[in-house]
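Beneath this line is the structure, given in structure tokens, with notes to follow.
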Amino acid sequence: MSDETSTLYVHTTGAGPAVVLVHGWGMHSGVWEDVAEALLDACRVTVIDLPGHGYSRGLGSGHSLLTLVEAVAAAVPSPAVWIGWSLGGLLAQQVALTRPERVSRLVLVNSTACFTQRPDWPHAVALPVLRRFAEELRQNHRAVLKRFIALEVHGSDNAGEQYRQLKALLFQHGEPDPAALGDGLTILESTDLRADLPQIQCPTLLLMGQRDQLTPVAAGEAMRKLLPNARLHVFPGAGHAPFFSHLPDFIAELRVFLDA
């Protein structure tokens, strides 16, 4: 089923327990194509384009993390397993905190509770780097997105091939809204959910790339200690997108968690 509502573009297919896949900053639901296909034999899979991204780009800007949560939670099945990549993982954490009845299990893919470095949190992106992205976004958002993709695959096995795949996907659902991209960077800069993590009671799987430059493994290790019911798996040789570089291993870890 494909539905373009007044809220968001949503695509649901398959039968079984509900799984919701949430993409990261600057991308769209198309990044999940291989993962969704691998889960269709046992799950009802929903993918979604966040406001300003993909087919949902005509929905305006000015979104905060809480307004994104409100829009996404209203558009997808409940309860469901929420699988969020990067910024999508931050959104999934917030859903688990404010709408816990909607989240049966939580999978955070190269995501963290705090994406920017702080005095007590070195496991993140330096603030000047994120702000430089925001400044350059106003001048040439296409160039910024391509640079961000290069950072996502940096250090990963077969980085060149992954870069080509992500670059080909980038505008597949149309041009993202630069204002919405700015909203996303503001959310990444300002959000810190670390103090709230002990409230997330559902089973949680942290999937991290060993060579990720944006969300280092140390962030996953720290989060595992804060979450009451969490397990961490690190993909050797992976960067920020292990579902591209290590798809068979990624699906295997996901299935073990979903079948538990």
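If you're wondering about the labels, chains in the structure tokens are A, B, ... by order shown, residues count from 1 in each chain, ligands from 1 in order shown.
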List the neighbours of range 203-213 of chain A out to 6 Å using only C-alpha atoms; skip same-chain residues closer than 5 positions along the sequence, and give me the result as a list in words.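 Counting only C-alpha atoms, the residues come to Arg105, Leu106, Val107, Leu108, Val109, Asn110, Gly155, Asn229, Ala230, Arg231, Leu232, His233, Val234, Phe235, Pro236, Gly237, Ala238, Gly239 and His240 of chain A.
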Within range 11-168 of chain A, find each residue whose DSSP state, derived from the backbone, is helix (DSSP H, G or I), and express the selection as a ChimeraX atom specification. /A:29-39,54-56,65-75,87-98,100-102,127-137,141-153,159-168
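Distance check against Glu37 in chain A using only C-alpha atoms: of A:Ser56, A:Thr12, A:Gln94, A:Ser86, the minimum falls on A:Thr12.
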Could you name the residues that touch range 172-181 of chain A at 12 Å or less, counting only C-alpha atoms, but leaving out those on the same chain fewer than 4 positions away, as a PyMOL selection string? chain A and resi 9+24-31+48-65+68+87+133-145+148+165-168+185-188
Coordinates-based distance that separates CA of Glu33 in chain A from CA of Ala75 in chain A (Å, one decimal): 19.3 Å
Under the rule that only C-alpha atoms are counted, which of A:Gly14, A:Gly89, A:Gln201, A:Val125 is the nearest residue to Glu101 in chain A? A:Gln201
Backbone DSSP call of strand (DSSP E or B) for range 62-140 of chain A, listed as a list in words: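 DSSP on the backbone gives strand (DSSP E or B) at Ala80, Val81, Trp82, Ile83, Gly84, Trp85, Val103, Ser104, Arg105, Leu106, Val107, Leu108, Val109, Thr116, Arg118, Trp121 and Val125 of chain A.
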Pairwise distance, CA of Leu226 in chain A with CA of His123 in chain A, equals 14.6 Å
Nearest candidate to Asn158 in chain A (options A:Pro242, A:Pro17, A:Pro77, A:Pro248; using only C-alpha atoms): A:Pro242
Extract, using only C-alpha atoms, all DNA, RNA and protein residues at most 12 Å from Ala96 in chain A, discarding same-chain residues fewer than 5 positions from it, and format them as a VMD selection string. chain A and resid 66 69 73 78 to 84 89 to 91 101 to 108 193 196 to 204 227
For those residues, write N, CA and C atoms to a file as a JSON list (two decimals), in the first residue's frame.
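Wrote it out as again-v3.json, contents follow:
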```json
[["chain", "number", "residue", "atom", "x", "y", "z"],
["A", 66, "LEU", "N", 10.04, 17.14, 18.53],
["A", 66, "LEU", "CA", 8.73, 16.76, 19.05],
["A", 66, "LEU", "C", 7.64, 16.84, 17.98],
["A", 69, "VAL", "N", 8.05, 13.82, 15.79],
["A", 69, "VAL", "CA", 7.51, 12.64, 16.48],
["A", 69, "VAL", "C", 6.00, 12.59, 16.34],
["A", 73, "ALA", "N", 4.47, 9.45, 14.31],
["A", 73, "ALA", "CA", 3.73, 8.50, 15.14],
["A", 73, "ALA", "C", 2.27, 8.38, 14.70],
["A", 78, "SER", "N", 0.81, 0.94, 14.97],
["A", 78, "SER", "CA", 1.17, 0.90, 16.39],
["A", 78, "SER", "C", 0.47, -0.28, 17.06],
["A", 79, "PRO", "N", 1.19, -0.99, 17.94],
["A", 79, "PRO", "CA", 2.62, -0.86, 18.26],
["A", 79, "PRO", "C", 3.47, -1.45, 17.14],
["A", 80, "ALA", "N", 4.74, -1.07, 17.14],
["A", 80, "ALA", "CA", 5.65, -1.53, 16.09],
["A", 80, "ALA", "C", 7.08, -1.57, 16.62],
["A", 81, "VAL", "N", 7.90, -2.34, 15.91],
["A", 81, "VAL", "CA", 9.35, -2.26, 16.10],
["A", 81, "VAL", "C", 9.82, -1.04, 15.32],
["A", 82, "TRP", "N", 10.48, -0.12, 15.98],
["A", 82, "TRP", "CA", 11.00, 1.08, 15.32],
["A", 82, "TRP", "C", 12.48, 0.90, 15.04],
["A", 83, "ILE", "N", 12.85, 1.05, 13.77],
["A", 83, "ILE", "CA", 14.25, 0.96, 13.34],
["A", 83, "ILE", "C", 14.63, 2.30, 12.76],
["A", 84, "GLY", "N", 15.53, 3.01, 13.44],
["A", 84, "GLY", "CA", 15.89, 4.36, 13.01],
["A", 84, "GLY", "C", 17.37, 4.48, 12.74],
["A", 89, "GLY", "N", 17.07, 7.51, 14.11],
["A", 89, "GLY", "CA", 17.21, 6.86, 15.41],
["A", 89, "GLY", "C", 16.95, 7.80, 16.56],
["A", 90, "LEU", "N", 17.33, 9.06, 16.39],
["A", 90, "LEU", "CA", 17.04, 10.06, 17.41],
["A", 90, "LEU", "C", 15.53, 10.24, 17.54],
["A", 91, "LEU", "N", 14.85, 10.28, 16.41],
["A", 91, "LEU", "CA", 13.40, 10.39, 16.42],
["A", 91, "LEU", "C", 12.76, 9.16, 17.09],
["A", 101, "GLU", "N", 3.95, 3.23, 24.41],
["A", 101, "GLU", "CA", 3.00, 2.19, 24.01],
["A", 101, "GLU", "C", 3.06, 1.89, 22.51],
["A", 102, "ARG", "N", 3.69, 2.78, 21.75],
["A", 102, "ARG", "CA", 3.79, 2.60, 20.30],
["A", 102, "ARG", "C", 5.03, 1.82, 19.89],
["A", 103, "VAL", "N", 5.96, 1.59, 20.81],
["A", 103, "VAL", "CA", 7.24, 0.99, 20.46],
["A", 103, "VAL", "C", 7.40, -0.34, 21.21],
["A", 104, "SER", "N", 7.34, -1.43, 20.48],
["A", 104, "SER", "CA", 7.51, -2.75, 21.09],
["A", 104, "SER", "C", 8.98, -3.10, 21.25],
["A", 105, "ARG", "N", 9.76, -2.72, 20.28],
["A", 105, "ARG", "CA", 11.22, -2.91, 20.31],
["A", 105, "ARG", "C", 11.85, -1.73, 19.58],
["A", 106, "LEU", "N", 13.11, -1.48, 19.87],
["A", 106, "LEU", "CA", 13.80, -0.32, 19.32],
["A", 106, "LEU", "C", 15.15, -0.76, 18.75],
["A", 107, "VAL", "N", 15.40, -0.37, 17.50],
["A", 107, "VAL", "CA", 16.69, -0.64, 16.86],
["A", 107, "VAL", "C", 17.29, 0.69, 16.44],
["A", 108, "LEU", "N", 18.44, 1.02, 16.97],
["A", 108, "LEU", "CA", 19.12, 2.27, 16.67],
["A", 108, "LEU", "C", 20.34, 1.97, 15.81],
["A", 193, "LEU", "N", 19.42, 13.49, 24.64],
["A", 193, "LEU", "CA", 18.47, 12.62, 25.34],
["A", 193, "LEU", "C", 19.15, 11.69, 26.35],
["A", 196, "ASP", "N", 17.51, 10.90, 29.65],
["A", 196, "ASP", "CA", 16.21, 10.24, 29.56],
["A", 196, "ASP", "C", 16.31, 8.76, 29.18],
["A", 197, "LEU", "N", 17.47, 8.31, 28.73],
["A", 197, "LEU", "CA", 17.60, 6.94, 28.24],
["A", 197, "LEU", "C", 17.17, 5.88, 29.25],
["A", 198, "PRO", "N", 17.43, 6.03, 30.55],
["A", 198, "PRO", "CA", 17.00, 5.00, 31.50],
["A", 198, "PRO", "C", 15.49, 4.78, 31.53],
["A", 199, "GLN", "N", 14.72, 5.71, 30.96],
["A", 199, "GLN", "CA", 13.27, 5.55, 30.93],
["A", 199, "GLN", "C", 12.81, 4.61, 29.81],
["A", 200, "ILE", "N", 13.68, 4.31, 28.85],
["A", 200, "ILE", "CA", 13.29, 3.44, 27.73],
["A", 200, "ILE", "C", 13.40, 1.99, 28.19],
["A", 201, "GLN", "N", 12.27, 1.37, 28.40],
["A", 201, "GLN", "CA", 12.22, 0.03, 28.96],
["A", 201, "GLN", "C", 12.18, -1.08, 27.92],
["A", 202, "CYS", "N", 11.79, -0.77, 26.68],
["A", 202, "CYS", "CA", 11.64, -1.82, 25.68],
["A", 202, "CYS", "C", 13.00, -2.39, 25.28],
["A", 203, "PRO", "N", 13.04, -3.64, 24.80],
["A", 203, "PRO", "CA", 14.30, -4.20, 24.30],
["A", 203, "PRO", "C", 14.88, -3.32, 23.20],
["A", 204, "THR", "N", 16.17, -3.05, 23.29],
["A", 204, "THR", "CA", 16.82, -2.13, 22.35],
["A", 204, "THR", "C", 18.08, -2.77, 21.78],
["A", 227, "LEU", "N", 20.86, 2.47, 28.90],
["A", 227, "LEU", "CA", 19.59, 1.84, 28.56],
["A", 227, "LEU", "C", 19.38, 0.58, 29.40]]
```
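Candidate residues A:Ala15, A:Val217, A:Leu97, A:Val153 were compared for distance to Phe243 in chain A, and the nearest is A:Val153, using only C-alpha atoms.
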